[in-house]
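A.B. asks: Handing over input_18.txt, compact mmCIF, C-alpha atoms and all ligand atoms.
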```txt
# COMPACT_ATOMS: atom_id res chain seq x y z
CA MET A 329 220.12 310.14 263.49
CA ILE A 330 219.52 311.79 266.84
CA LEU A 331 216.37 313.92 267.10
CA ASP A 332 217.89 316.77 269.03
CA GLY A 333 215.08 318.18 271.16
CA LYS A 334 217.46 320.47 272.99
CA LYS A 335 218.58 322.14 269.76
CA ILE A 336 215.09 322.41 268.26
CA ALA A 337 213.69 323.78 271.53
CA ALA A 338 216.42 326.45 271.55
CA GLU A 339 215.49 327.36 267.96
CA ILE A 340 211.84 327.70 268.92
CA ARG A 341 212.71 329.78 271.98
CA GLY A 342 214.58 332.12 269.63
CA GLU A 343 211.47 332.43 267.45
CA LEU A 344 209.28 333.10 270.49
CA ARG A 345 211.75 335.68 271.80
CA THR A 346 211.55 337.57 268.49
CA GLU A 347 207.76 337.50 268.57
CA ILE A 348 207.58 338.67 272.18
CA ASP A 349 210.19 341.39 271.59
CA ALA A 350 207.95 342.70 268.81
CA ILE A 351 204.95 342.72 271.18
CA LYS A 352 207.01 344.70 273.70
CA ALA A 353 208.29 347.09 271.04
CA SER A 354 204.72 347.84 270.02
CA GLY A 355 203.99 349.00 273.58
CA GLN A 356 201.69 346.11 274.49
CA ARG A 357 201.98 344.08 277.67
CA VAL A 358 203.84 340.76 277.39
CA PRO A 359 202.20 337.33 277.88
CA LYS A 360 201.85 336.21 281.49
CA LEU A 361 201.82 332.65 282.83
CA ALA A 362 201.05 331.48 286.36
CA ILE A 363 202.28 328.15 287.70
CA VAL A 364 200.56 326.67 290.73
CA ILE A 365 202.56 324.11 292.68
CA VAL A 366 201.33 322.18 295.69
CA GLY A 367 203.75 320.56 298.14
CA HIS A 368 207.46 319.87 297.70
CA ASN A 369 207.77 316.98 295.24
CA PRO A 370 211.43 317.34 294.13
CA ALA A 371 210.74 316.36 290.48
CA SER A 372 207.84 318.85 290.31
CA GLU A 373 210.00 321.59 291.82
CA THR A 374 212.68 320.95 289.17
CA TYR A 375 210.09 321.02 286.36
CA VAL A 376 208.57 324.26 287.67
CA ASN A 377 211.98 325.92 287.98
CA ASN A 378 212.85 324.88 284.42
CA LYS A 379 209.53 326.31 283.18
CA LEU A 380 210.14 329.62 284.99
CA LYS A 381 213.64 329.81 283.53
CA ALA A 382 212.36 329.11 280.01
CA CYS A 383 209.69 331.83 280.37
CA ALA A 384 212.32 334.37 281.43
CA GLU A 385 214.46 333.43 278.44
CA VAL A 386 211.75 334.28 275.90
CA GLY A 387 210.28 337.28 277.74
CA ILE A 388 207.09 335.67 279.10
CA GLU A 389 206.26 337.02 282.55
CA ALA A 390 205.83 334.10 284.93
CA VAL A 391 204.64 333.83 288.52
CA LYS A 392 204.91 330.83 290.79
CA ILE A 393 202.09 330.31 293.27
CA ALA A 394 203.16 327.77 295.88
CA TYR A 395 200.93 326.02 298.40
CA GLU A 396 201.79 323.55 301.13
CA ALA A 397 200.70 319.92 300.57
CA GLU A 398 198.01 320.27 303.28
CA ILE A 399 195.98 322.79 301.23
CA THR A 400 192.31 321.79 300.90
CA GLU A 401 190.74 321.01 297.55
CA GLN A 402 188.37 323.91 298.10
CA THR A 403 191.20 326.41 298.56
CA LEU A 404 192.89 325.15 295.40
CA LEU A 405 189.59 325.39 293.51
CA SER A 406 189.21 328.98 294.71
CA GLU A 407 192.72 329.74 293.39
CA VAL A 408 191.78 328.24 290.02
CA HIS A 409 188.65 330.42 289.88
CA ARG A 410 190.68 333.49 290.85
CA LEU A 411 193.16 332.81 288.04
CA ASN A 412 190.32 332.16 285.57
CA ASN A 413 189.06 335.67 286.33
CA ASP A 414 192.40 337.47 286.55
CA GLU A 415 192.57 339.57 283.39
CA THR A 416 196.36 339.96 283.67
CA ILE A 417 196.94 336.19 283.41
CA ASP A 418 196.85 334.69 279.90
CA GLY A 419 197.39 331.12 280.94
CA PHE A 420 198.12 328.98 283.96
CA ILE A 421 198.98 325.45 284.92
CA VAL A 422 198.54 323.40 288.03
CA GLN A 423 201.65 321.26 288.30
CA LEU A 424 200.83 317.54 288.62
CA PRO A 425 200.81 315.29 290.53
CA LEU A 426 198.64 316.73 293.29
CA PRO A 427 198.52 315.26 296.81
CA ASP A 428 196.20 312.25 297.15
CA HIS A 429 193.46 314.12 299.01
CA ILE A 430 192.92 316.46 296.05
CA ASN A 431 190.91 315.26 293.08
CA GLU A 432 193.01 316.09 290.00
CA THR A 433 190.12 315.75 287.58
CA ARG A 434 188.00 318.18 289.58
CA ILE A 435 190.82 320.74 289.63
CA LEU A 436 191.68 320.41 285.93
CA SER A 437 188.02 320.56 284.93
CA ALA A 438 187.65 323.89 286.75
CA ILE A 439 190.30 325.62 284.60
CA ASP A 440 188.95 327.94 281.91
CA TYR A 441 189.95 326.08 278.71
CA ARG A 442 191.13 329.32 277.12
CA LYS A 443 193.75 329.66 279.86
CA ASP A 444 194.51 325.93 280.02
CA VAL A 445 198.04 326.08 278.57
CA ASP A 446 198.68 322.47 279.64
CA GLY A 447 195.80 321.45 277.35
CA LEU A 448 194.37 319.04 279.93
CA THR A 449 190.81 320.28 280.45
CA PRO A 450 188.01 318.08 279.09
CA GLU A 451 187.07 320.99 276.79
CA ASN A 452 190.52 321.18 275.18
CA VAL A 453 190.86 317.41 274.94
CA GLY A 454 187.39 317.18 273.34
CA ARG A 455 188.22 319.95 270.87
CA THR A 456 191.48 318.20 269.97
CA VAL A 457 189.61 314.92 269.40
CA GLN A 458 187.16 316.69 267.09
CA GLY A 459 189.95 318.46 265.19
CA LEU A 460 188.80 321.90 266.39
CA PRO A 461 191.26 324.65 267.31
CA SER A 462 192.43 323.84 270.81
CA ILE A 463 195.34 324.10 273.16
CA ILE A 464 197.19 320.82 272.75
CA SER A 465 198.89 319.37 275.77
CA ALA A 466 202.57 320.16 275.91
CA THR A 467 204.26 316.78 275.43
CA PRO A 468 202.17 315.69 272.40
CA ARG A 469 202.56 319.14 270.88
CA GLY A 470 206.33 318.89 271.39
CA ILE A 471 206.54 315.42 269.85
CA ARG A 472 204.54 316.51 266.83
CA GLU A 473 206.70 319.59 266.38
CA LEU A 474 209.89 317.53 266.65
CA LEU A 475 208.66 315.13 263.96
CA ALA A 476 207.65 318.08 261.78
CA ARG A 477 210.92 319.95 262.11
CA TYR A 478 212.87 316.82 261.10
CA GLN A 479 210.46 316.38 258.18
CA ILE A 480 209.36 312.95 259.39
CA GLN A 481 206.15 312.12 257.58
CA THR A 482 203.40 310.33 259.44
CA GLU A 483 200.85 309.94 256.65
CA GLY A 484 200.06 306.25 256.12
CA LYS A 485 202.69 305.18 258.64
CA HIS A 486 202.06 302.67 261.40
CA VAL A 487 202.62 304.41 264.72
CA VAL A 488 202.71 302.34 267.90
CA VAL A 489 202.15 304.31 271.10
CA ILE A 490 203.10 302.52 274.32
CA GLY A 491 201.21 304.07 277.25
CA ARG A 492 197.65 305.37 277.45
CA SER A 493 197.91 308.33 279.84
CA ASN A 494 195.77 311.43 279.43
CA ILE A 495 198.86 313.63 279.17
CA VAL A 496 200.86 311.69 276.57
CA GLY A 497 199.60 308.38 275.18
CA LYS A 498 195.99 309.23 274.36
CA PRO A 499 196.53 312.74 272.96
CA ILE A 500 199.56 311.88 270.79
CA ALA A 501 197.67 308.88 269.36
CA MET A 502 194.73 311.16 268.59
CA LEU A 503 196.86 313.84 266.94
CA LEU A 504 198.75 311.45 264.71
CA MET A 505 195.71 309.49 263.55
CA GLN A 506 193.45 312.40 262.77
CA ARG A 507 193.13 314.32 259.55
CA PRO A 508 195.59 317.17 259.82
CA TYR A 509 194.29 320.66 260.38
CA LEU A 510 197.27 322.65 261.54
CA SER A 511 200.41 323.42 259.61
CA LEU A 512 203.81 323.91 261.17
CA PRO A 513 206.82 325.70 259.69
CA GLY A 514 208.75 323.60 257.20
CA MET A 515 206.05 321.03 256.69
CA SER A 516 202.90 320.78 254.67
CA ALA A 517 199.76 320.28 256.73
CA ALA A 518 199.09 317.05 254.86
CA SER A 519 202.02 315.27 256.45
CA LEU A 520 201.25 315.80 260.14
CA GLY A 521 198.56 313.23 260.86
CA ASP A 522 196.88 310.49 258.87
CA ALA A 523 198.86 307.72 260.56
CA THR A 524 197.49 304.32 261.48
CA VAL A 525 197.89 304.22 265.23
CA THR A 526 197.99 301.30 267.65
CA ILE A 527 197.88 302.08 271.36
CA CYS A 528 199.52 299.58 273.69
CA HIS A 529 199.49 299.46 277.47
CA SER A 530 200.31 297.29 280.44
CA LYS A 531 197.70 294.66 279.50
CA THR A 532 198.72 294.42 275.83
CA ARG A 533 199.65 290.92 274.75
CA ASP A 534 202.78 290.35 272.69
CA LEU A 535 204.02 293.91 272.61
CA LYS A 536 207.08 292.76 270.70
CA SER A 537 205.26 291.59 267.57
CA ILE A 538 203.16 294.77 267.49
CA CYS A 539 206.25 296.95 267.80
CA LEU A 540 208.01 295.02 265.04
CA THR A 541 205.35 296.25 262.58
CA ALA A 542 205.80 299.91 263.58
CA ASP A 543 207.34 302.65 261.46
CA ILE A 544 207.27 304.99 264.45
CA ILE A 545 207.25 303.93 268.12
CA ILE A 546 206.38 306.42 270.85
CA VAL A 547 207.11 305.06 274.32
CA ALA A 548 205.56 306.73 277.37
CA ALA A 549 205.41 304.00 280.00
CA GLY A 550 207.86 304.98 282.73
CA CYS A 551 209.79 301.66 282.53
CA PRO A 552 213.54 301.80 281.89
CA LYS A 553 214.63 299.64 278.93
CA LEU A 554 211.07 298.58 278.10
CA LEU A 555 211.80 298.91 274.38
CA THR A 556 214.70 296.69 273.38
CA ALA A 557 216.46 296.22 270.04
CA ASP A 558 214.68 292.92 269.23
CA MET A 559 211.33 294.82 269.30
CA VAL A 560 212.33 297.37 266.68
CA LYS A 561 212.19 297.13 262.89
CA GLU A 562 215.29 298.35 261.02
CA GLY A 563 214.84 302.00 260.06
CA ALA A 564 212.07 302.81 262.54
CA THR A 565 211.71 306.17 264.26
CA ILE A 566 211.81 306.01 268.05
CA ILE A 567 210.41 308.69 270.35
CA ASP A 568 211.29 308.09 274.00
CA VAL A 569 209.07 310.04 276.37
CA GLY A 570 210.03 308.21 279.56
CA ILE A 571 211.87 309.97 282.35
CA ASN A 572 213.12 307.54 284.98
CA ARG A 573 215.58 308.14 287.78
CA VAL A 574 217.99 305.24 288.17
CA MET A 575 220.63 305.03 290.86
CA ASP A 576 224.11 305.26 289.46
CA GLU A 577 227.30 304.82 291.45
CA ARG A 578 229.18 306.99 288.95
CA ALA A 579 226.72 309.82 289.48
CA LYS A 580 227.50 309.81 293.20
CA GLY A 581 229.82 312.43 294.54
CA GLU A 582 230.01 315.97 295.60
CA GLY A 583 227.19 318.10 294.30
CA THR A 584 225.52 315.19 292.51
CA LYS A 585 222.41 313.34 293.51
CA GLY A 586 223.51 309.77 292.94
CA TYR A 587 221.05 309.09 290.11
CA ARG A 588 220.79 309.73 286.43
CA LEU A 589 217.84 310.08 284.10
CA VAL A 590 217.04 307.39 281.57
CA GLY A 591 214.15 306.90 279.19
CA ASP A 592 212.03 303.85 278.38
CA VAL A 593 214.25 302.74 275.50
CA ASP A 594 217.42 300.67 275.63
CA PHE A 595 219.10 303.48 273.73
CA GLU A 596 222.51 301.88 273.32
CA HIS A 597 221.15 298.85 271.43
CA VAL A 598 218.12 300.41 269.74
CA ALA A 599 219.90 303.46 268.29
CA PRO A 600 221.95 301.52 265.69
CA LYS A 601 218.72 300.07 264.21
CA ALA A 602 216.72 303.30 264.25
CA ALA A 603 216.57 305.85 261.46
CA TYR A 604 215.75 308.52 264.06
CA ILE A 605 215.77 308.38 267.83
CA THR A 606 215.34 310.84 270.70
CA PRO A 607 217.85 310.77 273.55
CA VAL A 608 216.96 311.08 277.25
CA PRO A 609 217.71 313.65 278.45
CA GLY A 610 217.66 316.15 275.57
CA GLY A 611 214.84 314.76 273.43
CA VAL A 612 211.17 315.12 274.31
CA GLY A 613 211.78 316.88 277.67
CA PRO A 614 212.97 320.24 276.25
CA MET A 615 210.24 320.08 273.60
CA THR A 616 207.60 319.74 276.33
CA ILE A 617 208.78 322.90 278.06
CA VAL A 618 208.96 324.94 274.86
CA SER A 619 205.45 323.77 273.94
CA LEU A 620 204.16 325.29 277.16
CA LEU A 621 205.69 328.60 276.06
CA GLN A 622 204.05 328.27 272.63
CA ASN A 623 200.73 327.47 274.28
CA THR A 624 201.07 330.54 276.50
CA LEU A 625 201.70 332.79 273.51
CA GLN A 626 198.74 331.14 271.71
CA ALA A 627 196.48 331.87 274.71
CA TYR A 628 197.79 335.44 274.88
CA ASN A 629 197.10 336.01 271.19
CA GLU A 630 193.52 334.73 271.59
CA HIS A 631 193.06 336.73 274.80
CA THR A 632 194.29 340.05 273.42
CA ARG A 633 192.70 339.72 270.00
P1 LIG A 701 201.64 307.03 283.29
O1 LIG A 701 202.84 306.94 284.18
O2 LIG A 701 200.41 307.67 283.78
O3 LIG A 701 201.23 305.59 282.79
C1 LIG A 701 202.12 304.68 282.20
C2 LIG A 701 201.46 304.02 281.02
O4 LIG A 701 202.36 303.04 280.50
C3 LIG A 701 200.17 303.30 281.37
O5 LIG A 701 199.20 303.62 280.39
C4 LIG A 701 200.53 301.82 281.33
O6 LIG A 701 199.45 301.02 280.87
C5 LIG A 701 201.69 301.80 280.36
N1 LIG A 701 202.68 300.75 280.71
C6 LIG A 701 203.33 300.63 281.89
N2 LIG A 701 204.13 299.54 281.84
C7 LIG A 701 203.96 298.98 280.63
C8 LIG A 701 204.49 297.83 280.00
N3 LIG A 701 205.37 297.04 280.62
N4 LIG A 701 204.11 297.56 278.74
C9 LIG A 701 203.22 298.36 278.09
N5 LIG A 701 202.68 299.45 278.65
C10 LIG A 701 203.05 299.76 279.90
O7 LIG A 701 202.11 307.70 281.91
P2 LIG A 701 202.70 309.16 281.64
O8 LIG A 701 202.21 310.11 282.65
O9 LIG A 701 202.44 309.39 280.18
O10 LIG A 701 204.26 308.96 281.89
C11 LIG A 701 205.01 307.98 281.20
C12 LIG A 701 206.49 308.33 281.27
O11 LIG A 701 206.72 309.52 280.55
C13 LIG A 701 207.00 308.60 282.69
O12 LIG A 701 208.34 308.16 282.76
C14 LIG A 701 206.97 310.12 282.79
O13 LIG A 701 207.92 310.62 283.72
C15 LIG A 701 207.35 310.49 281.38
N6 LIG A 701 206.88 311.81 280.92
C16 LIG A 701 207.79 312.56 280.28
C17 LIG A 701 207.43 313.79 279.77
C18 LIG A 701 208.45 314.59 279.03
O14 LIG A 701 208.30 315.78 278.86
N7 LIG A 701 209.50 313.97 278.51
C19 LIG A 701 206.14 314.27 279.94
C20 LIG A 701 205.20 313.45 280.59
C21 LIG A 701 205.60 312.21 281.07
```
Can you dump the structure from the file as structure tokens?

C.D. replies:
Amino acid sequence: MILDGKKIAAEIRGELRTEIDAIKASGQRVPKLAIVIVGHNPASETYVNNKLKACAEVGIEAVKIAYEAEITEQTLLSEVHRLNNDETIDGFIVQLPLPDHINETRILSAIDYRKDVDGLTPENVGRTVQGLPSIISATPRGIRELLARYQIQTEGKHVVVIGRSNIVGKPIAMLLMQRPYLSLPGMSAASLGDATVTICHSKTRDLKSICLTADIIIVAAGCPKLLTADMVKEGATIIDVGINRVMDERAKGEGTKGYRLVGDVDFEHVAPKAAYITPVPGGVGPMTIVSLLQNTLQAYNEHTR
């Protein structure tokens, strides 16, 4: 069965729209998000435009703050401090990656964790690790919500996470292994964590035999066709986080860019063995964007309380 992130994300946007309409109807101001983008990375520009579009769809006010790639770290830090202190902004993100001369950790660490709707500050990550209320980073939040909405239990399951990044691998592993503390619609709190999690990465030996013992495999490596059918147990659930651009002759032509997006899973051969699988595009990607909207509303609710 396909885990349709596009459909679920649309459902969630509908729920958010209703909630924000009610805020508006009560005469209060609507939530406001700022997105800081540095330079002209084409993928980042696409992501930012998609985020702005999604905000408009649910009624979140969004502003884009664009800087040229040559901006100094100090200027960017000053912008972060300004946004931290701007009472009209409920949350903001600094779109990654940043140019090499800017220290990402220093920038992320400067964000007030209450406005950190990407959930990437050390404070939010630490709170998540300790099971305290926190803003969870968008992709892990989206994956967890997708599992929950399809009623896929994680309790006692063996989850293999491939990739150990701060934005996907580490936080999703943490969320699924910990004792659950948050409930989501349609699912009892008890079924959202409590998994046995193995984290694999580029130095892992014999990835195949580890994957063959997995009930759920989450792949976030950035390698097309890393997960092949011979690595997957019959009936496993497969979450493909990867977004890779591959050149494709068929995608060439007027108005097209000559590439298409693929995930990290050999979808064609893995899908017949899987009980559930996310497509790329249309799986985790839309869930990531809608999670940012949920995080913004969460920050707004805390801010205006
Ligand atoms: P990253 O690019 O920072 O790191 C990749 C990770 O994969 C590393 O931990 C590395 O050890 C591991 N890895 C690489 N090759 C491997 C191999 N052959 N075997 C085992 N492990 C291997 O990770 P990231 O930032 O989480 O991004 C991973 C992928 O997910 C990228 O394609 C990225 O574009 C995509 N992504 C998608 C979304 C989304 O919303 N769908 C969000 C974030 C990232």

A.B. asks: Please compute the atom CA of Val569 of chain A-atom CA of Leu520 of chain A distance, one decimal, in Å.

C.D. replies: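 Answer for the atom CA of Val569 of chain A to atom CA of Leu520 of chain A separation: 18.9 Å.
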
A.B. asks: Figure out the distance between atom CA of Ile430 of chain A and atom O13 of ligand LIG 701 (chain A), please, to one decimal in Å.

C.D. replies: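 Atom-to-atom, atom O13 of ligand LIG 701 (chain A) and atom CA of Ile430 of chain A are spaced 20.3 Å apart.
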
A.B. asks: How many Å separate atom CA of Pro461 of chain A from atom CA of Leu621 of chain A?

C.D. replies: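 Separation between atom CA of Pro461 of chain A and atom CA of Leu621 of chain A: 17.3 Å.
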
A.B. asks: Within 6 Å of ligand LIG 701 (chain A), which residues of chain A come that close, and what is the closest atom pair and distance in Å for each? Count only C-alpha atoms and all ligand atoms and give it as a tab-separated table.

C.D. replies:
```
residue	atom	partner	partner_atom	distance
A:Thr467	CA	A:LIG701	O14	5.4
A:Ile490	CA	A:LIG701	N5	5.3
A:Gly491	CA	A:LIG701	O4	3.6
A:Arg492	CA	A:LIG701	O5	3.8
A:Ser493	CA	A:LIG701	O9	4.7
A:Ile495	CA	A:LIG701	O9	5.6
A:Val496	CA	A:LIG701	O9	4.6
A:Gly497	CA	A:LIG701	O9	5.8
A:Cys528	CA	A:LIG701	C9	5.9
A:His529	CA	A:LIG701	N5	3.4
A:Ser530	CA	A:LIG701	N5	3.7
A:Ala548	CA	A:LIG701	C11	4.1
A:Ala549	CA	A:LIG701	O4	3.2
A:Gly550	CA	A:LIG701	O12	3.2
A:Val569	CA	A:LIG701	N7	4.5
A:Gly570	CA	A:LIG701	O12	3.6
A:Ile571	CA	A:LIG701	O12	4.0
A:Asn572	CA	A:LIG701	O12	5.3
A:Val612	CA	A:LIG701	N7	4.7
A:Gly613	CA	A:LIG701	N7	3.8
A:Thr616	CA	A:LIG701	O14	4.8
```

A.B. asks: Write the residues of the preceding selection, restricted to C-alpha atoms, as a CSV table (one decimal), keeping the file's coordinate frame.

C.D. replies:
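Okay, this is what ended up in result30.csv:
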```csv
chain,number,residue,atom,x,y,z
A,467,THR,CA,204.3,316.8,275.4
A,490,ILE,CA,203.1,302.5,274.3
A,491,GLY,CA,201.2,304.1,277.2
A,492,ARG,CA,197.6,305.4,277.4
A,493,SER,CA,197.9,308.3,279.8
A,495,ILE,CA,198.9,313.6,279.2
A,496,VAL,CA,200.9,311.7,276.6
A,497,GLY,CA,199.6,308.4,275.2
A,528,CYS,CA,199.5,299.6,273.7
A,529,HIS,CA,199.5,299.5,277.5
A,530,SER,CA,200.3,297.3,280.4
A,548,ALA,CA,205.6,306.7,277.4
A,549,ALA,CA,205.4,304.0,280.0
A,550,GLY,CA,207.9,305.0,282.7
A,569,VAL,CA,209.1,310.0,276.4
A,570,GLY,CA,210.0,308.2,279.6
A,571,ILE,CA,211.9,310.0,282.4
A,572,ASN,CA,213.1,307.5,285.0
A,612,VAL,CA,211.2,315.1,274.3
A,613,GLY,CA,211.8,316.9,277.7
A,616,THR,CA,207.6,319.7,276.3
```

A.B. asks: Neighbourhood query: residues within 12 Å of (207.1, 294.3, 261.9), file coordinates, counting only C-alpha atoms; return as a PDB file with C-alpha atoms, keeping the file's coordinate frame.

C.D. replies:
```pdb
ATOM      1  CA  HIS A 486     202.060 302.670 261.400  1.00  0.00           C
ATOM      2  CA  VAL A 487     202.620 304.410 264.720  1.00  0.00           C
ATOM      3  CA  VAL A 488     202.710 302.340 267.900  1.00  0.00           C
ATOM      4  CA  LEU A 535     204.020 293.910 272.610  1.00  0.00           C
ATOM      5  CA  LYS A 536     207.080 292.760 270.700  1.00  0.00           C
ATOM      6  CA  SER A 537     205.260 291.590 267.570  1.00  0.00           C
ATOM      7  CA  ILE A 538     203.160 294.770 267.490  1.00  0.00           C
ATOM      8  CA  CYS A 539     206.250 296.950 267.800  1.00  0.00           C
ATOM      9  CA  LEU A 540     208.010 295.020 265.040  1.00  0.00           C
ATOM     10  CA  THR A 541     205.350 296.250 262.580  1.00  0.00           C
ATOM     11  CA  ALA A 542     205.800 299.910 263.580  1.00  0.00           C
ATOM     12  CA  ASP A 543     207.340 302.650 261.460  1.00  0.00           C
ATOM     13  CA  ILE A 544     207.270 304.990 264.450  1.00  0.00           C
ATOM     14  CA  ILE A 545     207.250 303.930 268.120  1.00  0.00           C
ATOM     15  CA  ASP A 558     214.680 292.920 269.230  1.00  0.00           C
ATOM     16  CA  MET A 559     211.330 294.820 269.300  1.00  0.00           C
ATOM     17  CA  VAL A 560     212.330 297.370 266.680  1.00  0.00           C
ATOM     18  CA  LYS A 561     212.190 297.130 262.890  1.00  0.00           C
ATOM     19  CA  GLU A 562     215.290 298.350 261.020  1.00  0.00           C
ATOM     20  CA  GLY A 563     214.840 302.000 260.060  1.00  0.00           C
ATOM     21  CA  ALA A 564     212.070 302.810 262.540  1.00  0.00           C
TER      22      ALA A 564
END
```

A.B. asks: Can you tell me which residues surround segment 335-344 of chain A at a distance of at most 6 Å, considering all atoms listed in the file, apart from same-chain residues fewer than 4 positions away, and format the answer as JSON, numbers by chain?

C.D. replies: {"A": [614, 615, 618]}

A.B. asks: Can you tell me which residues surround Lys443 of chain A at a distance of at most 9 Å, considering all atoms listed in the file, apart from same-chain residues fewer than 3 positions away, and format the answer as a PyMOL selection string?

C.D. replies: chain A and resi 411-412+417-421+439-440+446-447+463+624+627-628+631

A.B. asks: Compare A:Glu398, A:Glu407, A:Glu630, A:Glu415 by their minimum atom-to-atom distance to Val445 of chain A, counting all atoms listed in the file, and give me the closest one.

C.D. replies: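 Answer, going by the shortest atom-to-atom distance: A:Glu630.
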
A.B. asks: Which is closer to Gln479 of chain A than all the others in A:Thr346, A:Thr565, A:Asn413, A:Asn452, using only C-alpha atoms?

C.D. replies: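 Smallest distance to Gln479 of chain A is found for A:Thr565.
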
A.B. asks: Would you list the contacts of Ala394 of chain A as a PyMOL selection string, taking every protein, DNA or RNA residue within 9 Å and counting all atoms listed in the file, but skipping same-chain residues closer than 4 positions in sequence?

C.D. replies: chain A and resi 363-367

A.B. asks: Quick one: write out the picked residues with C-alpha atoms as a tab-separated table (two decimals), keeping the file's coordinate frame?

C.D. replies:
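To be explicit, this is the file written out as part-v2.tsv:
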```tsv
chain	number	residue	atom	x	y	z
A	363	ILE	CA	202.28	328.15	287.70
A	364	VAL	CA	200.56	326.67	290.73
A	365	ILE	CA	202.56	324.11	292.68
A	366	VAL	CA	201.33	322.18	295.69
A	367	GLY	CA	203.75	320.56	298.14
```

A.B. asks: For Pro609 of chain A, which residue among A:Pro499, A:Tyr395, A:Gln626, A:Val590 is the nearest when counting all atoms listed in the file?

C.D. replies: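 Under the stated criterion, the closest residue is A:Val590.
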